[in-house]
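Colleague: The structure file run36.txt (compact mmCIF, C-alpha atoms) is provided below.
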```
# COMPACT_ATOMS: atom_id res chain seq x y z
CA MET A 1 208.84 94.42 104.35
CA SER A 2 211.30 91.53 104.14
CA ALA A 3 210.18 88.60 102.03
CA GLY A 4 212.00 86.18 104.36
CA PRO A 5 213.47 82.83 103.32
CA ARG A 6 211.92 81.19 100.28
CA PRO A 7 210.95 77.55 99.77
CA GLY A 8 212.83 75.33 97.34
CA THR A 9 211.70 75.65 93.75
CA LEU A 10 210.69 72.03 93.38
CA ALA A 11 208.74 72.03 96.64
CA ALA A 12 206.97 75.27 95.63
CA LEU A 13 206.15 73.75 92.24
CA LEU A 14 204.69 70.68 93.90
CA VAL A 15 202.57 72.83 96.21
CA GLY A 16 201.38 74.54 93.02
CA LEU A 17 200.03 71.18 91.83
CA TYR A 18 197.39 71.12 94.58
CA PRO A 19 193.85 72.17 93.58
CA GLU A 20 193.17 75.90 93.56
CA ALA A 21 190.77 75.82 96.51
CA TRP A 22 193.30 73.80 98.50
CA ARG A 23 196.10 76.26 97.70
CA GLU A 24 193.94 79.18 98.76
CA ARG A 25 193.26 77.51 102.12
CA TYR A 26 196.56 75.74 102.90
CA GLY A 27 199.06 76.94 100.28
CA GLU A 28 200.68 79.72 102.26
CA GLU A 29 201.23 77.63 105.38
CA MET A 30 202.50 74.68 103.33
CA LEU A 31 205.06 77.00 101.73
CA ALA A 32 206.01 78.21 105.21
CA LEU A 33 206.45 74.59 106.31
CA VAL A 34 208.67 73.62 103.37
CA THR A 35 210.70 76.77 104.04
CA ASP A 36 211.15 75.86 107.73
CA ASP A 37 211.72 72.17 106.99
CA PRO A 38 213.08 71.81 103.44
CA PRO A 39 211.90 68.42 102.17
CA GLY A 40 214.25 65.73 100.88
CA PRO A 41 213.24 63.20 98.22
CA ARG A 42 210.75 61.51 100.58
CA GLY A 43 209.23 64.86 101.53
CA LEU A 44 208.89 65.80 97.86
CA ALA A 45 207.25 62.43 97.18
CA SER A 46 204.90 63.15 100.09
CA LEU A 47 203.93 66.45 98.47
CA ALA A 48 203.33 64.76 95.11
CA ARG A 49 201.20 62.01 96.69
CA GLY A 50 199.30 64.62 98.68
CA ALA A 51 198.58 66.63 95.52
CA VAL A 52 197.13 63.57 93.77
CA ALA A 53 195.02 62.72 96.85
CA ALA A 54 193.82 66.33 97.12
CA HIS A 55 192.61 66.17 93.53
CA LEU A 56 190.97 62.75 93.91
CA ARG A 57 189.49 63.15 97.40
CA PRO A 58 189.32 66.83 98.31
CA PRO A 59 187.86 67.65 101.75
CA ALA A 60 184.14 68.48 101.55
CA ALA A 61 184.74 72.10 102.56
CA LEU A 62 187.10 72.62 99.61
CA ARG A 63 185.00 70.95 96.93
CA GLY A 64 183.01 73.99 95.82
CA PRO A 65 179.73 73.78 93.89
CA ARG A 66 179.16 70.63 91.82
CA THR A 67 178.91 72.47 88.50
CA ALA A 68 182.10 74.40 89.24
CA ARG A 69 183.91 71.11 89.95
CA MET A 70 182.65 69.64 86.70
CA ARG A 71 183.69 72.77 84.77
CA LEU A 72 187.19 72.78 86.23
CA SER A 73 187.71 69.06 85.74
CA LEU A 74 186.40 69.10 82.17
CA GLY A 75 188.68 72.02 81.32
CA ALA A 76 191.64 70.12 82.77
CA LEU A 77 190.67 66.92 80.93
CA PHE A 78 190.44 68.76 77.62
CA ALA A 79 193.85 70.37 78.24
CA CYS A 80 195.35 66.92 78.91
CA TRP A 81 193.74 65.56 75.74
CA LEU A 82 195.22 68.37 73.69
CA GLY A 83 198.65 67.75 75.22
CA LEU A 84 198.32 64.05 74.46
CA SER A 85 197.24 64.88 70.91
CA LEU A 86 200.44 66.87 70.54
CA ALA A 87 202.45 63.92 71.84
CA GLY A 88 200.54 61.63 69.46
CA LEU A 89 201.21 63.98 66.57
CA ALA A 90 204.91 64.06 67.41
CA PHE A 91 204.84 60.25 67.55
CA GLN A 92 203.10 60.05 64.17
CA LYS A 93 205.43 62.57 62.52
CA MET A 94 208.45 60.82 63.91
CA ILE A 95 207.60 57.36 62.66
CA GLU A 96 206.43 58.53 59.24
CA ASN A 97 209.39 60.82 58.52
CA VAL A 98 212.14 59.96 56.09
CA PRO A 99 214.40 58.09 56.34
CA PHE A 100 212.46 56.22 58.96
CA ASN A 101 209.20 55.48 57.23
CA THR A 102 210.23 52.78 54.80
CA PRO A 103 212.11 50.55 57.25
CA LEU A 104 209.36 51.20 59.77
CA ARG A 105 206.67 50.07 57.39
CA ASP A 106 208.73 46.95 56.82
CA ALA A 107 209.06 46.48 60.57
CA SER A 108 205.29 46.91 60.98
CA GLN A 109 204.70 44.27 58.34
CA ARG A 110 207.11 41.87 59.98
CA HIS A 111 206.11 42.45 63.60
CA GLU A 112 202.44 42.25 64.45
CA LEU A 113 202.82 43.94 67.82
CA ILE A 114 204.29 47.08 66.23
CA ALA A 115 201.49 47.19 63.68
CA PHE A 116 198.85 46.50 66.35
CA SER A 117 200.10 49.23 68.70
CA HIS A 118 200.20 51.73 65.83
CA GLY A 119 196.61 50.79 65.09
CA ALA A 120 195.74 51.21 68.78
CA VAL A 121 197.06 54.80 68.75
CA LEU A 122 194.86 55.60 65.75
CA ALA A 123 191.83 53.84 67.29
CA GLY A 124 192.31 55.75 70.55
CA ALA A 125 192.55 59.02 68.64
CA LEU A 126 189.26 58.26 66.85
CA LEU A 127 187.51 57.27 70.09
CA GLY A 128 188.79 60.46 71.74
CA ALA A 129 187.54 62.58 68.87
CA ALA A 130 184.11 60.94 69.13
CA ALA A 131 184.00 61.59 72.88
CA ILE A 132 184.99 65.23 72.34
CA ALA A 133 182.22 65.54 69.74
CA VAL A 134 179.56 64.04 72.03
CA GLY A 135 180.56 65.96 75.15
CA GLY A 136 182.18 69.10 73.79
CA LEU A 137 180.22 70.14 70.70
CA PRO A 138 176.98 70.94 72.61
CA LEU A 139 179.03 73.14 74.95
CA LEU A 140 180.72 74.83 71.98
CA TRP A 141 177.32 75.43 70.38
CA LEU A 142 176.05 76.98 73.61
CA ALA A 143 179.14 79.20 73.81
CA LEU A 144 178.70 80.36 70.20
CA ARG A 145 175.02 81.18 70.83
CA ARG A 146 175.89 83.15 73.95
CA ALA A 147 178.70 84.94 72.13
CA ALA A 148 176.24 86.10 69.46
CA ALA A 149 174.28 88.02 72.09
CA PRO A 150 175.05 91.74 72.59
CA GLY A 151 177.56 92.71 75.28
CA GLN A 152 179.57 89.48 74.99
CA SER A 153 182.68 90.95 73.38
CA ARG A 154 184.99 89.26 75.91
CA LEU A 155 183.44 85.87 75.22
CA ARG A 156 183.78 86.50 71.48
CA ALA A 157 187.46 87.40 71.98
CA LEU A 158 188.01 84.22 74.01
CA LEU A 159 186.40 82.07 71.32
CA ALA A 160 188.51 83.73 68.65
CA LEU A 161 191.78 82.88 70.42
CA PRO A 162 192.12 79.17 69.38
CA PRO A 163 191.49 79.80 65.64
CA LEU A 164 193.92 82.74 65.79
CA ALA A 165 196.53 80.55 67.47
CA LEU A 166 196.04 77.89 64.79
CA LEU A 167 196.35 80.51 62.05
CA ALA A 168 199.53 81.85 63.63
CA TYR A 169 200.89 78.31 63.73
CA ALA A 170 200.02 77.79 60.08
CA GLY A 171 201.83 81.07 59.31
CA LEU A 172 204.89 79.86 61.20
CA ALA A 173 204.82 76.61 59.23
CA LEU A 174 204.65 78.56 55.95
CA VAL A 175 207.65 80.70 56.95
CA VAL A 176 209.68 77.66 58.05
CA PHE A 177 208.97 75.84 54.80
CA ALA A 178 209.65 78.98 52.76
CA LEU A 179 213.13 79.02 54.31
CA ALA A 180 213.70 75.35 53.48
CA PRO A 181 216.68 74.49 51.30
CA GLU A 182 216.27 73.13 47.80
CA ARG A 183 214.33 69.92 47.97
CA GLY A 184 215.73 66.93 46.14
CA GLN A 185 214.53 63.58 47.41
CA GLY A 186 212.88 64.88 50.58
CA PHE A 187 214.25 67.56 52.92
CA PRO A 188 217.76 67.11 54.32
CA LEU A 189 217.71 65.50 57.76
CA ASP A 190 219.70 68.38 59.34
CA TRP A 191 217.08 70.86 58.18
CA VAL A 192 214.21 68.65 59.43
CA LEU A 193 215.84 68.45 62.86
CA SER A 194 216.43 72.23 63.14
CA ALA A 195 212.97 73.08 61.80
CA ALA A 196 211.50 70.78 64.45
CA VAL A 197 212.50 73.25 67.23
CA PRO A 198 210.36 76.29 66.21
CA MET A 199 207.60 74.02 64.96
CA THR A 200 207.48 72.15 68.29
CA LEU A 201 207.63 75.34 70.38
CA GLY A 202 204.91 76.89 68.24
CA ALA A 203 202.78 73.77 68.60
CA VAL A 204 203.19 73.80 72.39
CA LEU A 205 202.19 77.49 72.56
CA CYS A 206 199.22 76.84 70.29
CA VAL A 207 198.12 73.90 72.45
CA LEU A 208 198.50 75.98 75.63
CA VAL A 209 196.18 78.65 74.22
CA CYS A 210 193.69 76.06 72.97
CA ALA A 211 193.83 74.28 76.34
CA ALA A 212 193.31 77.40 78.46
CA VAL A 213 190.39 78.83 76.52
CA PRO A 214 187.71 76.16 77.16
CA ARG A 215 188.10 76.50 80.91
CA ALA A 216 187.67 80.29 80.71
CA VAL A 217 184.74 79.92 78.32
CA LEU A 218 182.99 77.37 80.54
CA ARG A 219 183.34 79.69 83.51
CA ARG A 220 181.81 82.52 81.49
CA ILE A 221 178.86 80.67 79.93
CA GLU A 222 177.94 78.58 83.01
CA PRO A 223 176.34 75.62 81.19
CA SER A 224 173.49 73.68 82.79
CA ALA A 225 174.26 70.76 85.11
CA ARG A 226 172.70 68.45 82.49
CA ALA A 227 175.07 69.58 79.72
CA LEU A 228 178.03 69.27 82.06
CA ARG A 229 176.88 65.80 83.15
CA ARG A 230 176.77 64.63 79.52
CA ALA A 231 180.25 66.07 78.97
CA ALA A 232 181.52 64.41 82.15
CA LEU A 233 180.22 61.01 81.01
CA ALA A 234 181.82 61.53 77.59
CA GLY A 235 184.95 62.41 79.57
CA ILE A 236 185.12 58.82 80.84
CA ALA A 237 185.25 57.61 77.22
CA LEU A 238 187.88 60.26 76.53
CA ALA A 239 189.98 59.03 79.47
CA VAL A 240 189.73 55.45 78.15
CA ALA A 241 190.79 56.70 74.70
CA MET A 242 193.76 58.45 76.28
CA TRP A 243 194.86 55.22 77.98
CA VAL A 244 194.58 53.39 74.65
CA VAL A 245 196.73 56.02 72.91
CA ALA A 246 199.32 56.12 75.72
CA ALA A 247 199.46 52.32 75.93
CA GLY A 248 199.79 52.13 72.13
CA ILE A 249 202.75 54.53 72.15
CA GLY A 250 204.31 52.67 75.07
CA VAL A 251 203.91 49.22 73.51
CA TYR A 252 205.16 50.58 70.21
CA ALA A 253 208.34 51.95 71.82
CA LEU A 254 208.94 48.68 73.69
CA ALA A 255 208.18 46.52 70.67
CA LEU A 256 210.45 48.60 68.45
CA TRP A 257 213.27 48.34 70.96
CA ARG A 258 212.77 44.58 71.27
CA GLU A 259 211.84 43.61 67.73
CA ALA A 260 213.76 46.11 65.64
CA PRO A 261 216.68 47.37 67.76
CA ALA A 262 218.50 48.73 64.73
CA LEU A 263 215.60 51.10 64.04
CA ALA A 264 215.36 52.13 67.71
CA ALA A 265 219.06 53.03 67.70
CA GLN A 266 218.77 55.35 64.69
CA THR A 267 219.39 59.02 65.42
CA THR A 268 216.24 60.53 63.96
CA GLY A 269 215.11 62.26 67.16
CA PRO A 270 215.48 66.01 67.77
CA PHE A 271 219.09 67.15 68.27
CA GLY A 272 220.28 63.77 67.04
CA ALA A 273 218.75 61.82 69.94
CA SER A 274 218.10 58.16 69.27
CA THR A 275 214.71 57.11 68.01
CA GLY A 276 214.25 54.85 71.03
CA ALA A 277 215.07 57.63 73.53
CA THR A 278 212.76 60.07 71.77
CA LEU A 279 209.95 57.53 71.72
CA ALA A 280 210.58 56.84 75.42
CA ALA A 281 210.32 60.57 76.23
CA ASN A 282 207.18 60.79 74.12
CA CYS A 283 205.79 57.79 75.96
CA ALA A 284 206.58 59.32 79.40
CA ALA A 285 204.82 62.58 78.42
CA ALA A 286 201.83 60.63 77.09
CA LEU A 287 201.58 58.60 80.30
CA ALA A 288 201.83 61.70 82.54
CA LEU A 289 199.14 63.52 80.56
CA THR A 290 196.95 60.43 80.55
CA ALA A 291 197.28 60.02 84.31
CA CYS A 292 196.34 63.69 84.85
CA GLY A 293 193.46 63.28 82.38
CA ALA A 294 192.23 60.21 84.23
CA ILE A 295 192.23 62.14 87.51
CA ALA A 296 190.29 64.99 85.90
CA ALA A 297 187.80 62.58 84.28
CA THR A 298 187.29 60.77 87.60
CA ARG A 299 186.64 64.06 89.37
CA ALA A 300 184.24 65.25 86.69
CA ALA A 301 182.34 61.94 86.71
CA ARG A 302 182.22 61.87 90.50
CA ALA A 303 180.82 65.40 90.58
CA ALA A 304 178.34 64.51 87.80
CA LEU A 305 177.06 61.41 89.57
CA THR A 306 176.84 62.99 93.03
CA PRO A 307 173.23 63.84 93.88
CA ALA A 308 172.68 67.61 93.81
CA MET B 1 215.39 57.94 116.76
CA PRO B 2 213.59 57.39 113.46
CA ARG B 3 211.53 54.25 113.30
CA GLN B 4 212.51 51.38 111.07
CA ARG B 5 210.46 50.76 107.99
CA GLY B 6 207.60 48.33 108.28
CA ASP B 7 206.72 49.05 111.93
CA ALA B 8 204.17 51.72 111.15
CA GLY B 9 200.71 50.23 110.77
CA ARG B 10 197.81 52.16 112.21
CA TRP B 11 199.71 53.14 115.36
CA SER B 12 201.41 55.80 113.31
CA ASP B 13 198.29 56.93 111.49
CA PRO B 14 199.04 60.59 110.74
CA GLY B 15 195.65 61.65 112.08
CA VAL B 16 196.30 60.04 115.48
CA LEU B 17 199.80 61.49 115.60
CA VAL B 18 198.57 65.00 114.78
CA LEU B 19 195.77 64.77 117.35
CA SER B 20 198.24 63.50 119.95
CA SER B 21 200.52 66.41 119.19
CA LEU B 22 197.72 68.96 119.41
CA ALA B 23 196.54 67.43 122.67
CA GLY B 24 199.68 69.05 124.10
CA GLY B 25 198.60 72.52 122.98
CA GLU B 26 197.99 74.50 119.82
CA LYS B 27 200.72 74.28 117.18
CA HIS B 28 201.41 75.22 113.58
CA GLY B 29 202.62 72.82 110.87
CA TYR B 30 206.34 72.83 111.56
CA ALA B 31 205.83 72.60 115.34
CA ILE B 32 203.59 69.56 114.79
CA VAL B 33 206.26 67.90 112.61
CA GLN B 34 208.90 68.47 115.30
CA ASP B 35 206.63 67.30 118.11
CA VAL B 36 205.58 64.12 116.28
CA GLN B 37 209.23 63.39 115.53
CA ARG B 38 210.01 63.75 119.22
CA ILE B 39 207.12 61.73 120.65
CA ALA B 40 206.79 59.00 118.01
CA GLY B 41 210.03 59.06 116.02
CA VAL B 42 208.02 59.61 112.82
CA HIS B 43 208.84 62.41 110.40
CA LEU B 44 205.62 63.51 108.76
CA GLY B 45 206.12 64.66 105.17
CA PRO B 46 204.48 67.98 104.24
CA GLY B 47 201.90 66.30 102.00
CA THR B 48 201.05 63.74 104.66
CA LEU B 49 200.78 66.39 107.38
CA TYR B 50 198.49 68.70 105.43
CA GLY B 51 196.42 65.78 104.15
CA ALA B 52 195.82 64.83 107.79
CA LEU B 53 195.19 68.42 108.90
CA ALA B 54 192.66 68.96 106.11
CA ARG B 55 190.84 65.71 106.91
CA LEU B 56 190.78 66.39 110.67
CA GLU B 57 189.59 69.95 110.13
CA ASP B 58 186.92 68.75 107.71
CA GLN B 59 185.65 66.31 110.35
CA GLY B 60 185.64 68.99 113.05
CA LEU B 61 188.31 67.21 115.09
CA ILE B 62 190.67 70.20 115.00
CA GLU B 63 190.15 73.88 114.31
CA ALA B 64 192.34 76.48 112.67
CA LEU B 65 193.21 79.59 114.65
CA LEU B 66 194.09 83.02 113.31
CA PRO B 67 197.30 82.94 111.26
CA GLU B 68 200.56 84.17 112.77
CA GLY B 69 202.29 85.55 109.72
CA ARG B 70 202.42 82.74 107.16
CA ARG B 71 201.88 80.06 109.81
CA ARG B 72 198.48 79.03 111.09
CA PRO B 73 198.18 77.25 114.43
CA TYR B 74 195.66 74.46 115.00
CA ARG B 75 193.83 73.40 118.15
CA ILE B 76 192.17 70.10 119.00
CA THR B 77 188.40 70.34 119.49
CA ALA B 78 186.28 68.60 122.13
CA SER B 79 185.18 65.92 119.63
CA GLY B 80 188.82 65.53 118.57
CA SER B 81 189.81 64.96 122.18
CA ARG B 82 187.04 62.37 122.61
CA LEU B 83 188.07 60.51 119.45
CA LEU B 84 191.75 60.58 120.41
CA ASP B 85 190.86 59.26 123.87
CA GLU B 86 188.97 56.33 122.31
CA GLN B 87 191.75 55.60 119.83
CA LEU B 88 194.49 55.70 122.44
CA ARG B 89 192.52 53.51 124.85
CA THR B 90 192.11 50.92 122.09
CA ILE B 91 195.80 51.13 121.23
CA SER B 92 196.71 50.89 124.90
CA ALA B 93 194.47 47.84 125.44
CA VAL B 94 195.94 46.08 122.40
CA ALA B 95 199.47 46.99 123.52
CA ALA B 96 198.86 45.67 127.04
CA THR B 97 197.39 42.41 125.73
CA GLY B 98 200.19 41.97 123.20
CA LEU B 99 202.88 42.60 125.80
CA SER B 100 201.37 40.20 128.31
CA ARG B 101 201.15 37.51 125.64
CA LEU B 102 204.76 38.07 124.70
CA ASP B 103 205.63 37.80 128.41
CA ALA B 104 203.80 34.48 128.57
CA LEU B 105 205.75 33.29 125.54
CA GLY B 106 208.97 34.50 127.09
CA ALA B 107 209.58 36.26 123.82
CA ARG B 108 210.30 39.75 125.16
CA PRO B 109 213.90 40.84 125.30
```
Can you give me the file's structure in the form of structure tokens?
Modeller:
Amino acid sequence: MSAGPRPGTLAALLVGLYPEAWRERYGEEMLALVTDDPPGPRGLASLARGAVAAHLRPPAALRGPRTARMRLSLGALFACWLGLSLAGLAFQKMIENVPFNTPLRDASQRHELIAFSHGAVLAGALLGAAAIAVGGLPLLWLALRRAAAPGQSRLRALLALPPLALLAYAGLALVVFALAPERGQGFPLDWVLSAAVPMTLGAVLCVLVCAAVPRAVLRRIEPSARALRRAALAGIALAVAMWVVAAGIGVYALALWREAPALAAQTTGPFGASTGATLAANCAAALALTACGAIAATRAARAALTPA
Amino acid sequence: MPRQRGDAGRWSDPGVLVLSSLAGGEKHGYAIVQDVQRIAGVHLGPGTLYGALARLEDQGLIEALLPEGRRRPYRITASGSRLLDEQLRTISAVAATGLSRLDALGARP
């Protein structure tokens, strides 16, 4: 059978951003449409807007059961939080690394906005951790109790994946540092930049595993609507924390560029990119993840507050 | 000819355009896009079109027919026809009033 003409990659990717239930119902015909009528920039923007609307206001027939909606949205929110944590970690490592840390500390002392936004990132991270603890720990406890029951080997394997991924990442870090050149006053900058590539890729893989597991676990353990409602309400606090972190990174990048342009122009980013450009990319990733997290939190809260 | 920006308003509400297109017979997505372009000069983006189709189907104003390969035709329902009739009568009444007032002003080209 001939596969026929195929849609553009970008258009197909954008169709892939629609919710799963939507894709099952309309995905094939949307792909047929973008094959027949390849979209230009405005058509691609239409697909992106449609995907956001489909997540925020899905048609009633495609909403699925309330608990399933909460499960899916909470899984997505947690994945976004992990991604943002990675971006925050990259931000933290970047601004504390030699030879950047000393002039940066000076800049923070001289410029209140830089110091304040750095504090905002830390405050947002703490608020997010508290929200995860309130909403997520009861679900983790439930999953661990279920996994202890006989015949739950698949659930046990799922729960083992994140610690294994973290261990693997720790092993990678040990290998990378074992291969480090002789250390005098700190590691050479060239080595730091080349070590950043495997460490970053490993971190992304680790985060992907840690992000995918909760969704699969939630589907398997089917928590009560009450537990999901508590998690969904904690998700609102988590979304607020994400905005605080993203705004902190954004303000930091802007303030650094405005208040300490010499620091922003330094080439301490990966592959010799400027500090300002790397912070801007970090900021864009943080904003995108935060926006997706806000959508997921809104959906979870809406499902939680809808009468059964 | 494509419309200029800023002249859309509710007259080019995608739902009304899709219903108007389906009032001429059942069509799949691409056929609706082409028909709307022809009758209203509006090019519906894929996200806009399927957002409208999903909403109209959800409200029972159109119904999906059996797929033809990867394409699925849609048909307007009786309630969709009634709603479209009401909408177009309102639009028509507003258009007639607006035109007569422009005539009175002598402002029409």
Colleague: Restricting the calculation to all atoms listed in the file, which member of A:Met30, A:Leu126, A:Leu113, A:Ala12 is positioned closest to chain B?
Modeller: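 Using all atoms listed in the file, the shortest distance to chain B belongs to A:Met30.
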Colleague: Find the residues of chain A that sit at most 7 Å from chain B; for each, write down the nearest two atoms and how far apart they are in Å, to one decimal. Count all atoms listed in the file. Sort by chain, then by number going up, and give it as a tab-separated table.
Modeller:
```
residue	atom	partner	partner_atom	distance
A:Glu28	CA	B:Arg70	CA	6.0
A:Glu29	CA	B:Arg71	CA	5.1
A:Ala32	CA	B:Arg70	CA	6.1
A:Leu33	CA	B:Tyr30	CA	5.5
A:Asp36	CA	B:Tyr30	CA	6.9
A:Gly43	CA	B:Gly45	CA	4.8
A:Ser46	CA	B:Gly47	CA	4.8
A:Leu47	CA	B:Gly47	CA	4.1
A:Arg49	CA	B:Gly47	CA	6.9
A:Gly50	CA	B:Gly47	CA	4.5
A:Pro59	CA	B:Asp58	CA	6.1
A:Ala60	CA	B:Asp58	CA	6.8
A:Ala61	CA	B:Asp58	CA	6.5
```
Colleague: Any chance you can output those residues with C-alpha atoms as a PDB file, in the frame of the given file?
Modeller:
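New file selection_1.pdb:
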```pdb
ATOM      1  CA  GLU A  28     200.680  79.720 102.260  1.00  0.00           C
ATOM      2  CA  GLU A  29     201.230  77.630 105.380  1.00  0.00           C
ATOM      3  CA  ALA A  32     206.010  78.210 105.210  1.00  0.00           C
ATOM      4  CA  LEU A  33     206.450  74.590 106.310  1.00  0.00           C
ATOM      5  CA  ASP A  36     211.150  75.860 107.730  1.00  0.00           C
ATOM      6  CA  GLY A  43     209.230  64.860 101.530  1.00  0.00           C
ATOM      7  CA  SER A  46     204.900  63.150 100.090  1.00  0.00           C
ATOM      8  CA  LEU A  47     203.930  66.450  98.470  1.00  0.00           C
ATOM      9  CA  ARG A  49     201.200  62.010  96.690  1.00  0.00           C
ATOM     10  CA  GLY A  50     199.300  64.620  98.680  1.00  0.00           C
ATOM     11  CA  PRO A  59     187.860  67.650 101.750  1.00  0.00           C
ATOM     12  CA  ALA A  60     184.140  68.480 101.550  1.00  0.00           C
ATOM     13  CA  ALA A  61     184.740  72.100 102.560  1.00  0.00           C
TER      14      ALA A  61
END
```
Colleague: To one decimal place, how far is CA of Ala165 (chain A) from CA of Leu17 (chain A) in Å?
Modeller: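 These atoms are spaced 26.3 Å apart.
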Colleague: Just the residues within 8 Å of Arg219 (chain A), please, counting all atoms listed in the file, with nothing from its chain fewer than 3 positions along; format it as a PyMOL selection string.
Modeller: chain A and resi 68+71+215-216+222
Colleague: Enumerate, as a list in words, the protein, DNA and RNA residues whose atoms approach (210.7, 69.4, 59.6) to within 10 Å, taking into account all atoms listed in the file and the coordinate frame of the file.
Modeller: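 Every residue inside that radius is included here: Lys93, Met94, Asn97, Ala173, Val176, Phe177, Ala180, Phe187, Pro188, Leu189, Asp190, Trp191, Val192, Leu193, Ser194, Ala195, Ala196, Val197, Pro198, Met199 and Thr200 of chain A.
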Colleague: In Å, rounded to a single decimal, give me how far CA of Leu10 (chain A) is from CA of Ala48 (chain A).
Modeller: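 We find that CA of Ala48 (chain A) and CA of Leu10 (chain A) lie 10.5 Å from each other.
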Colleague: Padding 8 Å on every side, please: axis-aligned box over the listed atoms of region 248-263 of chain A, centre and edge lengths to one decimal in Å, as AutoDock Vina command-line options.
Modeller:
```
--center_x 209.1 --center_y 49.1 --center_z 69.6 --size_x 34.7 --size_y 26.9 --size_z 27.0
```
Colleague: Which polymer residues, protein or nucleic acid, are no farther than 10 Å from (206.9, 74.7, 95.0), counting only C-alpha atoms, as a list in words?
Modeller: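 Selection result: Arg6, Pro7, Gly8, Thr9, Leu10, Ala11, Ala12, Leu13, Leu14, Val15, Gly16, Leu17, Gly27, Met30, Leu31, Val34, Leu44 and Leu47 of chain A.
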Colleague: Give me the residues near region 139-142 of chain A as a list in words, where near means some atom within 8 Å (using only C-alpha atoms) and where sequence neighbours in that chain fewer than 3 positions away do not count.
Modeller: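 What passes the distance filter is Gly135, Gly136, Arg145, Arg146, Ile221, Pro223 and Ala227 of chain A.
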Colleague: Out of A:Ala234, A:Leu256, A:Leu208, A:Ile295, which residue has the shortest atom-to-atom distance to Phe116 (chain A) when counting only C-alpha atoms?
Modeller: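 Using only C-alpha atoms, Phe116 (chain A) sits closest to A:Leu256.
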